[in-house]
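Asks: As input, take model_20.cif (mmCIF, C-alpha atoms; chains and numbers go by the auth columns):
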data_model
#
loop_
_atom_site.group_PDB
_atom_site.id
_atom_site.type_symbol
_atom_site.label_atom_id
_atom_site.label_comp_id
_atom_site.label_asym_id
_atom_site.label_seq_id
_atom_site.Cartn_x
_atom_site.Cartn_y
_atom_site.Cartn_z
_atom_site.B_iso_or_equiv
_atom_site.auth_seq_id
_atom_site.auth_asym_id
ATOM 1 C CA MET A 1 0.000 0.000 0.000 0.00 1 E
ATOM 2 C CA ALA A 2 1.407 3.413 -0.959 0.00 2 E
ATOM 3 C CA THR A 3 1.950 5.768 1.929 0.00 3 E
ATOM 4 C CA ASP A 4 0.476 8.690 -0.005 0.00 4 E
ATOM 5 C CA SER A 5 -2.893 6.950 0.019 0.00 5 E
ATOM 6 C CA PHE A 6 -3.356 8.064 3.608 0.00 6 E
ATOM 7 C CA ASP A 7 -4.615 11.557 2.923 0.00 7 E
ATOM 8 C CA THR A 8 -7.136 11.917 5.704 0.00 8 E
ATOM 9 C CA THR A 9 -5.791 15.050 7.334 0.00 9 E
ATOM 10 C CA ASN A 10 -9.271 16.520 7.628 0.00 10 E
ATOM 11 C CA ASP A 11 -10.568 13.545 9.567 0.00 11 E
ATOM 12 C CA ALA A 12 -11.054 13.880 13.288 0.00 12 E
ATOM 13 C CA PRO A 13 -8.376 11.876 15.128 0.00 13 E
ATOM 14 C CA VAL A 14 -10.989 10.201 17.336 0.00 14 E
ATOM 15 C CA ASP A 15 -14.695 9.501 17.017 0.00 15 E
ATOM 16 C CA ARG A 16 -16.492 12.005 19.220 0.00 16 E
ATOM 17 C CA GLU A 17 -19.406 9.671 19.800 0.00 17 E
ATOM 18 C CA VAL A 18 -17.105 6.916 21.021 0.00 18 E
ATOM 19 C CA ILE A 19 -15.358 9.340 23.366 0.00 19 E
ATOM 20 C CA GLN A 20 -18.693 10.639 24.632 0.00 20 E
ATOM 21 C CA ASN A 21 -19.808 7.071 25.315 0.00 21 E
ATOM 22 C CA LEU A 22 -16.655 6.432 27.317 0.00 22 E
ATOM 23 C CA ARG A 23 -17.165 9.677 29.242 0.00 23 E
ATOM 24 C CA ASP A 24 -20.792 8.793 29.955 0.00 24 E
ATOM 25 C CA GLU A 25 -19.708 5.543 31.558 0.00 25 E
ATOM 26 C CA GLY A 26 -18.289 7.520 34.490 0.00 26 E
ATOM 27 C CA ASP A 27 -16.047 5.860 37.097 0.00 27 E
ATOM 28 C CA ASN A 28 -13.079 7.748 35.607 0.00 28 E
ATOM 29 C CA LEU A 29 -13.100 5.270 32.737 0.00 29 E
ATOM 30 C CA LEU A 30 -12.174 7.821 30.071 0.00 30 E
ATOM 31 C CA TYR A 31 -9.526 9.392 32.302 0.00 31 E
ATOM 32 C CA ASP A 32 -7.950 6.008 33.034 0.00 32 E
ATOM 33 C CA LEU A 33 -7.939 5.068 29.347 0.00 33 E
ATOM 34 C CA VAL A 34 -6.302 8.349 28.379 0.00 34 E
ATOM 35 C CA GLU A 35 -3.666 7.788 31.062 0.00 35 E
ATOM 36 C CA MET A 36 -3.060 4.338 29.628 0.00 36 E
ATOM 37 C CA PHE A 37 -2.756 5.800 26.142 0.00 37 E
ATOM 38 C CA ILE A 38 -0.208 8.389 27.275 0.00 38 E
ATOM 39 C CA GLY A 39 1.805 5.755 29.120 0.00 39 E
ATOM 40 C CA GLU A 40 1.675 2.811 26.732 0.00 40 E
ATOM 41 C CA VAL A 41 1.492 4.094 23.185 0.00 41 E
ATOM 42 C CA PRO A 42 4.958 5.754 23.111 0.00 42 E
ATOM 43 C CA VAL A 43 6.437 2.502 24.416 0.00 43 E
ATOM 44 C CA GLN A 44 4.656 0.548 21.702 0.00 44 E
ATOM 45 C CA LEU A 45 5.795 2.985 19.015 0.00 45 E
ATOM 46 C CA ASP A 46 9.408 2.665 20.156 0.00 46 E
ATOM 47 C CA ALA A 47 9.060 -1.120 20.177 0.00 47 E
ATOM 48 C CA LEU A 48 7.658 -0.973 16.664 0.00 48 E
ATOM 49 C CA GLN A 49 10.585 1.144 15.527 0.00 49 E
ATOM 50 C CA ALA A 50 12.984 -1.388 17.038 0.00 50 E
ATOM 51 C CA ALA A 51 11.170 -4.239 15.297 0.00 51 E
ATOM 52 C CA LEU A 52 11.508 -2.455 11.974 0.00 52 E
ATOM 53 C CA ALA A 53 15.185 -1.694 12.637 0.00 53 E
ATOM 54 C CA ASN A 54 15.707 -5.401 13.322 0.00 54 E
ATOM 55 C CA ASN A 55 13.761 -6.299 10.166 0.00 55 E
ATOM 56 C CA ASP A 56 11.504 -8.507 12.291 0.00 56 E
ATOM 57 C CA PRO A 57 8.149 -9.012 10.528 0.00 57 E
ATOM 58 C CA GLY A 58 6.693 -11.132 13.349 0.00 58 E
ATOM 59 C CA ALA A 59 7.298 -8.550 16.050 0.00 59 E
ATOM 60 C CA THR A 60 6.199 -5.807 13.672 0.00 60 E
ATOM 61 C CA ARG A 61 2.898 -7.569 13.076 0.00 61 E
ATOM 62 C CA LEU A 62 2.222 -8.137 16.779 0.00 62 E
ATOM 63 C CA ILE A 63 3.057 -4.602 17.910 0.00 63 E
ATOM 64 C CA ALA A 64 1.171 -2.996 15.037 0.00 64 E
ATOM 65 C CA HIS A 65 -1.819 -5.192 15.888 0.00 65 E
ATOM 66 C CA THR A 66 -1.744 -3.920 19.462 0.00 66 E
ATOM 67 C CA LEU A 67 -1.637 -0.303 18.273 0.00 67 E
ATOM 68 C CA LYS A 68 -4.474 -1.015 15.871 0.00 68 E
ATOM 69 C CA GLY A 69 -6.549 -2.333 18.739 0.00 69 E
ATOM 70 C CA THR A 70 -5.731 0.706 20.843 0.00 70 E
ATOM 71 C CA GLY A 71 -6.920 3.034 18.100 0.00 71 E
ATOM 72 C CA GLY A 72 -10.059 1.007 17.588 0.00 72 E
ATOM 73 C CA ASN A 73 -11.179 1.485 21.152 0.00 73 E
ATOM 74 C CA PHE A 74 -11.202 5.267 20.662 0.00 74 E
ATOM 75 C CA GLY A 75 -12.634 5.274 17.166 0.00 75 E
ATOM 76 C CA ALA A 76 -9.264 6.612 15.987 0.00 76 E
ATOM 77 C CA ALA A 77 -9.786 5.701 12.345 0.00 77 E
ATOM 78 C CA ARG A 78 -6.535 6.960 10.851 0.00 78 E
ATOM 79 C CA MET A 79 -4.403 5.542 13.645 0.00 79 E
ATOM 80 C CA LEU A 80 -6.143 2.223 13.131 0.00 80 E
ATOM 81 C CA GLU A 81 -5.661 2.408 9.373 0.00 81 E
ATOM 82 C CA LEU A 82 -1.943 3.177 9.586 0.00 82 E
ATOM 83 C CA ALA A 83 -1.288 0.510 12.217 0.00 83 E
ATOM 84 C CA SER A 84 -3.286 -1.958 10.163 0.00 84 E
ATOM 85 C CA ALA A 85 -1.171 -1.204 7.077 0.00 85 E
ATOM 86 C CA ILE A 86 2.024 -1.855 9.061 0.00 86 E
ATOM 87 C CA GLU A 87 0.536 -5.029 10.505 0.00 87 E
ATOM 88 C CA GLU A 88 -0.248 -6.214 6.986 0.00 88 E
ATOM 89 C CA LYS A 89 3.346 -5.627 5.920 0.00 89 E
ATOM 90 C CA GLY A 90 4.500 -7.688 8.883 0.00 90 E
ATOM 91 C CA ARG A 91 2.067 -10.438 7.977 0.00 91 E
ATOM 92 C CA ASN A 92 3.317 -10.453 4.390 0.00 92 E
ATOM 93 C CA GLY A 93 6.922 -10.539 5.572 0.00 93 E
ATOM 94 C CA SER A 94 7.878 -7.470 3.535 0.00 94 E
ATOM 95 C CA LEU A 95 8.575 -4.343 5.567 0.00 95 E
ATOM 96 C CA ASP A 96 9.270 -2.049 2.594 0.00 96 E
ATOM 97 C CA GLY A 97 7.623 1.305 3.248 0.00 97 E
ATOM 98 C CA ALA A 98 6.781 0.426 6.852 0.00 98 E
ATOM 99 C CA ALA A 99 9.221 3.002 8.270 0.00 99 E
ATOM 100 C CA ALA A 100 7.432 5.785 6.391 0.00 100 E
ATOM 101 C CA LEU A 101 4.114 4.529 7.713 0.00 101 E
ATOM 102 C CA LEU A 102 5.521 4.517 11.234 0.00 102 E
ATOM 103 C CA VAL A 103 6.445 8.202 10.910 0.00 103 E
ATOM 104 C CA MET A 104 2.852 8.918 9.932 0.00 104 E
ATOM 105 C CA LEU A 105 1.558 6.723 12.720 0.00 105 E
ATOM 106 C CA ARG A 106 3.670 8.582 15.293 0.00 106 E
ATOM 107 C CA ASP A 107 2.241 11.888 14.085 0.00 107 E
ATOM 108 C CA GLU A 108 -1.260 10.507 14.186 0.00 108 E
ATOM 109 C CA CYS A 109 -0.801 9.172 17.707 0.00 109 E
ATOM 110 C CA VAL A 110 0.139 12.699 18.792 0.00 110 E
ATOM 111 C CA ARG A 111 -3.099 13.983 17.253 0.00 111 E
ATOM 112 C CA VAL A 112 -5.073 11.267 19.009 0.00 112 E
ATOM 113 C CA ARG A 113 -3.381 11.967 22.335 0.00 113 E
ATOM 114 C CA GLU A 114 -4.106 15.692 22.022 0.00 114 E
ATOM 115 C CA ALA A 115 -7.745 15.001 21.173 0.00 115 E
ATOM 116 C CA LEU A 116 -8.063 12.649 24.127 0.00 116 E
ATOM 117 C CA GLU A 117 -6.484 15.124 26.533 0.00 117 E
ATOM 118 C CA ALA A 118 -8.800 17.842 25.247 0.00 118 E
ATOM 119 C CA ALA A 119 -11.762 15.542 25.881 0.00 119 E
ATOM 120 C CA LEU A 120 -11.023 15.184 29.581 0.00 120 E
ATOM 121 C CA MET B 1 -25.070 -14.304 43.764 0.00 1 N
ATOM 122 C CA THR B 2 -22.133 -12.705 41.997 0.00 2 N
ATOM 123 C CA LEU B 3 -21.087 -14.547 38.872 0.00 3 N
ATOM 124 C CA SER B 4 -17.467 -14.838 37.829 0.00 4 N
ATOM 125 C CA ALA B 5 -16.102 -13.665 34.506 0.00 5 N
ATOM 126 C CA LEU B 6 -12.873 -14.032 32.547 0.00 6 N
ATOM 127 C CA ILE B 7 -11.786 -11.528 29.882 0.00 7 N
ATOM 128 C CA ILE B 8 -9.628 -12.722 26.985 0.00 8 N
ATOM 129 C CA ASP B 9 -8.476 -9.827 24.820 0.00 9 N
ATOM 130 C CA ASP B 10 -5.049 -8.720 23.617 0.00 10 N
ATOM 131 C CA SER B 11 -5.867 -5.021 24.022 0.00 11 N
ATOM 132 C CA PRO B 12 -5.419 -3.699 27.562 0.00 12 N
ATOM 133 C CA PHE B 13 -7.759 -0.863 26.605 0.00 13 N
ATOM 134 C CA ALA B 14 -10.489 -3.275 25.569 0.00 14 N
ATOM 135 C CA ARG B 15 -9.950 -5.342 28.729 0.00 15 N
ATOM 136 C CA LYS B 16 -10.424 -2.266 30.881 0.00 16 N
ATOM 137 C CA ILE B 17 -13.613 -1.247 29.058 0.00 17 N
ATOM 138 C CA ILE B 18 -15.049 -4.774 29.145 0.00 18 N
ATOM 139 C CA ARG B 19 -14.226 -5.079 32.842 0.00 19 N
ATOM 140 C CA HIS B 20 -16.105 -1.848 33.437 0.00 20 N
ATOM 141 C CA HIS B 21 -19.200 -3.120 31.596 0.00 21 N
ATOM 142 C CA LEU B 22 -19.153 -6.555 33.214 0.00 22 N
ATOM 143 C CA THR B 23 -18.804 -5.023 36.665 0.00 23 N
ATOM 144 C CA LYS B 24 -21.802 -2.821 35.897 0.00 24 N
ATOM 145 C CA LEU B 25 -23.723 -5.965 34.970 0.00 25 N
ATOM 146 C CA GLY B 26 -22.879 -7.451 38.352 0.00 26 N
ATOM 147 C CA PHE B 27 -20.100 -9.821 37.381 0.00 27 N
ATOM 148 C CA HIS B 28 -16.918 -10.324 39.347 0.00 28 N
ATOM 149 C CA VAL B 29 -14.011 -10.326 36.918 0.00 29 N
ATOM 150 C CA VAL B 30 -11.700 -13.017 38.245 0.00 30 N
ATOM 151 C CA GLY B 31 -9.085 -12.921 35.519 0.00 31 N
ATOM 152 C CA GLU B 32 -7.754 -11.337 32.355 0.00 32 N
ATOM 153 C CA ALA B 33 -5.742 -12.963 29.587 0.00 33 N
ATOM 154 C CA GLU B 34 -4.006 -11.331 26.640 0.00 34 N
ATOM 155 C CA ASN B 35 -4.119 -14.273 24.265 0.00 35 N
ATOM 156 C CA ALA B 36 -6.126 -17.431 23.651 0.00 36 N
ATOM 157 C CA ALA B 37 -3.513 -19.792 25.084 0.00 37 N
ATOM 158 C CA GLN B 38 -3.241 -17.859 28.334 0.00 38 N
ATOM 159 C CA GLY B 39 -7.023 -17.584 28.346 0.00 39 N
ATOM 160 C CA LEU B 40 -7.454 -21.356 28.259 0.00 40 N
ATOM 161 C CA VAL B 41 -5.064 -21.778 31.170 0.00 41 N
ATOM 162 C CA LEU B 42 -6.996 -19.253 33.261 0.00 42 N
ATOM 163 C CA PHE B 43 -10.326 -20.685 32.143 0.00 43 N
ATOM 164 C CA ARG B 44 -9.405 -24.140 33.451 0.00 44 N
ATOM 165 C CA GLU B 45 -7.999 -22.722 36.664 0.00 45 N
ATOM 166 C CA LEU B 46 -10.733 -20.200 37.484 0.00 46 N
ATOM 167 C CA LYS B 47 -13.802 -21.922 36.002 0.00 47 N
ATOM 168 C CA PRO B 48 -15.701 -18.688 35.304 0.00 48 N
ATOM 169 C CA ARG B 49 -19.416 -18.642 34.467 0.00 49 N
ATOM 170 C CA LEU B 50 -18.791 -16.130 31.689 0.00 50 N
ATOM 171 C CA VAL B 51 -15.933 -15.644 29.244 0.00 51 N
ATOM 172 C CA THR B 52 -15.504 -12.732 26.849 0.00 52 N
ATOM 173 C CA LEU B 53 -13.325 -13.683 23.914 0.00 53 N
ATOM 174 C CA ASP B 54 -11.764 -11.371 21.322 0.00 54 N
ATOM 175 C CA VAL B 55 -11.774 -13.028 17.910 0.00 55 N
ATOM 176 C CA MET B 56 -8.946 -11.022 16.356 0.00 56 N
ATOM 177 C CA MET B 57 -5.961 -11.895 18.540 0.00 57 N
ATOM 178 C CA PRO B 58 -2.596 -12.983 17.158 0.00 58 N
ATOM 179 C CA GLU B 59 -2.087 -16.697 17.768 0.00 59 N
ATOM 180 C CA ARG B 60 0.229 -17.736 20.584 0.00 60 N
ATOM 181 C CA GLU B 61 1.395 -21.306 21.108 0.00 61 N
ATOM 182 C CA GLY B 62 -0.619 -22.246 18.047 0.00 62 N
ATOM 183 C CA ILE B 63 -3.957 -21.599 19.727 0.00 63 N
ATOM 184 C CA SER B 64 -6.398 -19.356 17.887 0.00 64 N
ATOM 185 C CA SER B 65 -9.464 -17.679 19.332 0.00 65 N
ATOM 186 C CA LEU B 66 -11.722 -20.121 17.515 0.00 66 N
ATOM 187 C CA ALA B 67 -9.793 -23.098 18.889 0.00 67 N
ATOM 188 C CA ALA B 68 -10.043 -21.687 22.409 0.00 68 N
ATOM 189 C CA PHE B 69 -13.759 -21.078 21.931 0.00 69 N
ATOM 190 C CA ARG B 70 -14.363 -24.645 20.811 0.00 70 N
ATOM 191 C CA THR B 71 -12.326 -25.996 23.713 0.00 71 N
ATOM 192 C CA ILE B 72 -14.308 -23.946 26.218 0.00 72 N
ATOM 193 C CA ARG B 73 -17.601 -25.045 24.636 0.00 73 N
ATOM 194 C CA SER B 74 -16.463 -28.650 24.743 0.00 74 N
ATOM 195 C CA GLU B 75 -15.108 -28.651 28.301 0.00 75 N
ATOM 196 C CA ALA B 76 -17.811 -26.455 29.871 0.00 76 N
ATOM 197 C CA PRO B 77 -20.935 -26.131 27.706 0.00 77 N
ATOM 198 C CA ASP B 78 -22.748 -24.208 30.471 0.00 78 N
ATOM 199 C CA THR B 79 -20.185 -21.401 30.426 0.00 79 N
ATOM 200 C CA ALA B 80 -21.535 -18.363 28.623 0.00 80 N
ATOM 201 C CA VAL B 81 -19.115 -17.104 25.980 0.00 81 N
ATOM 202 C CA VAL B 82 -19.500 -13.569 24.655 0.00 82 N
ATOM 203 C CA ILE B 83 -17.555 -12.938 21.469 0.00 83 N
ATOM 204 C CA VAL B 84 -15.956 -9.520 21.049 0.00 84 N
ATOM 205 C CA SER B 85 -14.882 -8.310 17.635 0.00 85 N
ATOM 206 C CA ALA B 86 -13.711 -5.127 15.954 0.00 86 N
ATOM 207 C CA VAL B 87 -15.248 -6.195 12.670 0.00 87 N
ATOM 208 C CA PRO B 88 -18.832 -7.286 12.022 0.00 88 N
ATOM 209 C CA PHE B 89 -17.948 -10.112 9.648 0.00 89 N
ATOM 210 C CA GLU B 90 -21.237 -11.919 9.145 0.00 90 N
ATOM 211 C CA LYS B 91 -19.648 -15.291 8.453 0.00 91 N
ATOM 212 C CA THR B 92 -17.459 -15.107 11.541 0.00 92 N
ATOM 213 C CA ARG B 93 -20.393 -14.009 13.675 0.00 93 N
ATOM 214 C CA ASP B 94 -22.565 -16.835 12.345 0.00 94 N
ATOM 215 C CA THR B 95 -19.839 -19.390 12.986 0.00 95 N
ATOM 216 C CA TYR B 96 -19.565 -18.458 16.650 0.00 96 N
ATOM 217 C CA LEU B 97 -23.298 -18.039 17.231 0.00 97 N
ATOM 218 C CA ASN B 98 -24.100 -21.318 15.500 0.00 98 N
ATOM 219 C CA GLU B 99 -21.565 -23.055 17.716 0.00 99 N
ATOM 220 C CA GLY B 100 -23.136 -21.734 20.898 0.00 100 N
ATOM 221 C CA ALA B 101 -21.737 -18.271 21.606 0.00 101 N
ATOM 222 C CA THR B 102 -24.063 -16.312 23.861 0.00 102 N
ATOM 223 C CA ALA B 103 -23.627 -13.022 22.013 0.00 103 N
ATOM 224 C CA TYR B 104 -21.408 -11.213 19.499 0.00 104 N
ATOM 225 C CA VAL B 105 -20.411 -7.676 20.531 0.00 105 N
ATOM 226 C CA ILE B 106 -18.749 -5.176 18.201 0.00 106 N
ATOM 227 C CA LYS B 107 -15.999 -2.728 19.239 0.00 107 N
ATOM 228 C CA PRO B 108 -15.858 0.143 19.931 0.00 108 N
ATOM 229 C CA PHE B 109 -18.430 -0.285 22.669 0.00 109 N
ATOM 230 C CA SER B 110 -21.355 1.979 23.406 0.00 110 N
ATOM 231 C CA GLN B 111 -23.592 2.088 26.457 0.00 111 N
ATOM 232 C CA PHE B 112 -25.933 -0.234 24.535 0.00 112 N
ATOM 233 C CA SER B 113 -23.349 -2.813 23.475 0.00 113 N
ATOM 234 C CA PHE B 114 -23.794 -5.055 26.468 0.00 114 N
ATOM 235 C CA GLU B 115 -27.555 -4.634 26.915 0.00 115 N
ATOM 236 C CA PRO B 116 -28.495 -7.628 24.710 0.00 116 N
ATOM 237 C CA VAL B 117 -25.800 -9.572 26.538 0.00 117 N
ATOM 238 C CA ARG B 118 -27.311 -8.622 29.889 0.00 118 N
ATOM 239 C CA GLN B 119 -30.788 -9.690 28.803 0.00 119 N
ATOM 240 C CA LYS B 120 -29.608 -12.968 27.384 0.00 120 N
ATOM 241 C CA LEU B 121 -27.444 -13.809 30.389 0.00 121 N
ATOM 242 C CA GLN B 122 -30.314 -12.972 32.720 0.00 122 N
ATOM 243 C CA ARG B 123 -32.478 -15.538 30.934 0.00 123 N
ATOM 244 C CA ILE B 124 -29.719 -18.151 30.902 0.00 124 N
ATOM 245 C CA PHE B 125 -28.761 -17.809 34.549 0.00 125 N
ATOM 246 C CA SER B 126 -32.386 -17.478 35.731 0.00 126 N
ATOM 247 C CA ALA B 127 -33.260 -20.700 33.944 0.00 127 N
ATOM 248 C CA ALA B 128 -30.214 -22.430 35.394 0.00 128 N
ATOM 249 C CA SER B 129 -31.057 -21.446 38.958 0.00 129 N
ATOM 250 C CA ALA B 130 -34.798 -22.223 38.667 0.00 130 N
#
I need this file expressed as C-alpha cells, please.
Replies:
Amino acid sequence: MATDSFDTTNDAPVDREVIQNLRDEGDNLLYDLVEMFIGEVPVQLDALQAALANNDPGATRLIAHTLKGTGGNFGAARMLELASAIEEKGRNGSLDGAAALLVMLRDECVRVREALEAAL
Amino acid sequence: MTLSALIIDDSPFARKIIRHHLTKLGFHVVGEAENAAQGLVLFRELKPRLVTLDVMMPEREGISSLAAFRTIRSEAPDTAVVIVSAVPFEKTRDTYLNEGATAYVIKPFSQFSFEPVRQKLQRIFSAASA
C-alpha cells in the first residue's frame, strides 16, 4: 500500500461519539484510558521502531496489531488504518515502506493523544 | 449471587472497558488474559461462568481464538461465551453463534453494546437457577 494513500488530514483523530460514550460511563473510565494511552502508546511505538530496525516481521505484526486495537477502542480511524497497514506488511513478511508509515503513525498518535487530553 | 467472569483480549484498553461493563452488569471479573492460550489456562484454573473472547488476537502457542472457543464449549458447555470483535464479519459471527456463543459484541463499545448480553445472560442464569 502506498503511503500517499493516507490523505485523511481533515478527519477527526478520534470519534467524538465513542469518546462521549466512554465519558458517559463515568467511574473515571475515560480518564484512566487516556492515562493508559499516554503511558503505553509511546512505548509501543518505540518497540515498533525497534522491530523495523531489526527487520523482524513477526514482532512488527504483533506490535502494530496492538496499536491497531488501541486506536479502535477510541474510534481513531486513521491511527487504526496506519497501524493496520504496518501489521499487513508484517504479515506479508515485507517491511518495505513500513518506516514511512511509522512516521505517519507517530504523528497521528500525537493527534489522538491531544484530542483525548482535550476531551477530559 | 455474583457470577465470575474471565476476559480474553489482547488489548489492555479493551480489557479495561469490558471489565467496566461486566462489573456494571454485576459480574466479578476473576481474571484477564491477553491471548487465547493464556485464556485457556486461566479458564481451566478459574472456572468462570462467563468468558468474553476477542476473535482477532494474534495466535500464541498455536492456539487461535476459535480453537479456544471450541475448547471452552467442549469442556464447559454451560459457560456463557460472549464474542468480542472489531469487525462485524457476518460469516465469523454466524460461525460463533451457530456453535453456541451467547452473544457477538462489536468494538468500539457503546452504552448499549452489552444490553443484549445482559438480557440474554439474565435468561440463561435465571433458567439455570430455577
Asks: List every protein, DNA or RNA residue with an atom no more than 9 Å from (-20.0, -16.7, 26.0) in the file's coordinates, counting all atoms listed in the file, and format the result as a ChimeraX atom specification.
Replies: /N:49-53,69,73,79-83,100-104
Asks: So, counting only C-alpha atoms, which residue among N:Glu45, N:Asp54, N:Glu90, N:Glu32 is closest to chain E?
Replies: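 Ranked by minimum distance to chain E, first place goes to N:Asp54.
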Asks: Could you give me, as JSON lines, a per-residue list for chain N showing, wherever an atom lies at most 7 Å from an atom of chain E, the closest pair of atoms and their distance in Å to one decimal, using only C-alpha atoms and sorting by chain then residue number from low to high?
Replies:
{"residue": "N:Ser11", "atom": "CA", "partner": "E:Gly69", "partner_atom": "CA", "distance": 6.0}
{"residue": "N:Phe13", "atom": "CA", "partner": "E:Thr70", "partner_atom": "CA", "distance": 6.3}
{"residue": "N:Ala14", "atom": "CA", "partner": "E:Asn73", "partner_atom": "CA", "distance": 6.5}
{"residue": "N:Pro58", "atom": "CA", "partner": "E:Leu62", "partner_atom": "CA", "distance": 6.8}
{"residue": "N:Lys107", "atom": "CA", "partner": "E:Asn73", "partner_atom": "CA", "distance": 6.7}
{"residue": "N:Pro108", "atom": "CA", "partner": "E:Asn73", "partner_atom": "CA", "distance": 5.0}
{"residue": "N:Ser110", "atom": "CA", "partner": "E:Asn21", "partner_atom": "CA", "distance": 5.7}
{"residue": "N:Gln111", "atom": "CA", "partner": "E:Asn21", "partner_atom": "CA", "distance": 6.4}
Asks: Just want the 12 Å neighbourhood of N:Val41, counted on all atoms listed in the file, with same-chain residues fewer than 6 positions away dropped. Output as a PyMOL selection string.
Replies: chain N and resi 6+8+31-35+47-48+61+63+68+71-72
Asks: Taking (-8.9, 16.6, 24.7) in the coordinates of the supplied file, I want to know which residues reach to within 12 Å of it, counting all atoms listed in the file; could you give the answer as a ChimeraX atom specification?
Replies: /E:12-16,19-20,23,30-31,34,110-120
Asks: Let me know the residues the PyMOL selection byres ((chain E and resi 101-105) around 7) catches in the file above, as a list in words.
Replies: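 Expected selection for the PyMOL selection byres ((chain E and resi 101-105) around 7) here is Thr3, Met79, Leu82, Ala83, Ile86, Gly97, Ala98, Ala99, Ala100, Arg106, Asp107, Glu108 and Cys109 of chain E.
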Asks: Record the distance separating atom CA of N:Asp10 and atom CA of N:Val55, expressed in Å with one decimal.
Replies: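 Interatomic distance here is 9.8 Å.
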Asks: Could you write stretch 108-119 of chain E as a PDB file, in the frame of the given file, with N, CA and C atoms rebuilt where they are missing?
Replies:
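And here's out-v2.pdb as it stands now:
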ATOM      1  N   GLU E 108       0.162  10.696  13.930  1.00  0.00           N
ATOM      2  CA  GLU E 108      -1.260  10.507  14.186  1.00  0.00           C
ATOM      3  C   GLU E 108      -1.523  10.217  15.666  1.00  0.00           C
ATOM      4  N   CYS E 109      -0.630   9.475  16.282  1.00  0.00           N
ATOM      5  CA  CYS E 109      -0.801   9.172  17.707  1.00  0.00           C
ATOM      6  C   CYS E 109      -0.720  10.454  18.551  1.00  0.00           C
ATOM      7  N   VAL E 110       0.093  11.399  18.097  1.00  0.00           N
ATOM      8  CA  VAL E 110       0.139  12.699  18.792  1.00  0.00           C
ATOM      9  C   VAL E 110      -1.206  13.397  18.670  1.00  0.00           C
ATOM     10  N   ARG E 111      -1.773  13.364  17.461  1.00  0.00           N
ATOM     11  CA  ARG E 111      -3.099  13.983  17.253  1.00  0.00           C
ATOM     12  C   ARG E 111      -4.152  13.314  18.137  1.00  0.00           C
ATOM     13  N   VAL E 112      -4.089  12.005  18.200  1.00  0.00           N
ATOM     14  CA  VAL E 112      -5.073  11.267  19.009  1.00  0.00           C
ATOM     15  C   VAL E 112      -4.900  11.622  20.485  1.00  0.00           C
ATOM     16  N   ARG E 113      -3.630  11.634  20.926  1.00  0.00           N
ATOM     17  CA  ARG E 113      -3.381  11.967  22.335  1.00  0.00           C
ATOM     18  C   ARG E 113      -3.905  13.363  22.666  1.00  0.00           C
ATOM     19  N   GLU E 114      -3.638  14.320  21.784  1.00  0.00           N
ATOM     20  CA  GLU E 114      -4.106  15.692  22.022  1.00  0.00           C
ATOM     21  C   GLU E 114      -5.632  15.750  22.066  1.00  0.00           C
ATOM     22  N   ALA E 115      -6.273  15.012  21.185  1.00  0.00           N
ATOM     23  CA  ALA E 115      -7.745  15.001  21.173  1.00  0.00           C
ATOM     24  C   ALA E 115      -8.284  14.362  22.455  1.00  0.00           C
ATOM     25  N   LEU E 116      -7.621  13.332  22.904  1.00  0.00           N
ATOM     26  CA  LEU E 116      -8.063  12.649  24.127  1.00  0.00           C
ATOM     27  C   LEU E 116      -7.872  13.555  25.343  1.00  0.00           C
ATOM     28  N   GLU E 117      -6.738  14.218  25.401  1.00  0.00           N
ATOM     29  CA  GLU E 117      -6.484  15.124  26.533  1.00  0.00           C
ATOM     30  C   GLU E 117      -7.489  16.271  26.534  1.00  0.00           C
ATOM     31  N   ALA E 118      -7.820  16.744  25.341  1.00  0.00           N
ATOM     32  CA  ALA E 118      -8.800  17.842  25.247  1.00  0.00           C
ATOM     33  C   ALA E 118     -10.192  17.379  25.663  1.00  0.00           C
ATOM     34  N   ALA E 119     -10.437  16.077  25.554  1.00  0.00           N
ATOM     35  CA  ALA E 119     -11.762  15.542  25.881  1.00  0.00           C
ATOM     36  C   ALA E 119     -11.971  15.343  27.376  1.00  0.00           C
TER      37      ALA E 119
END
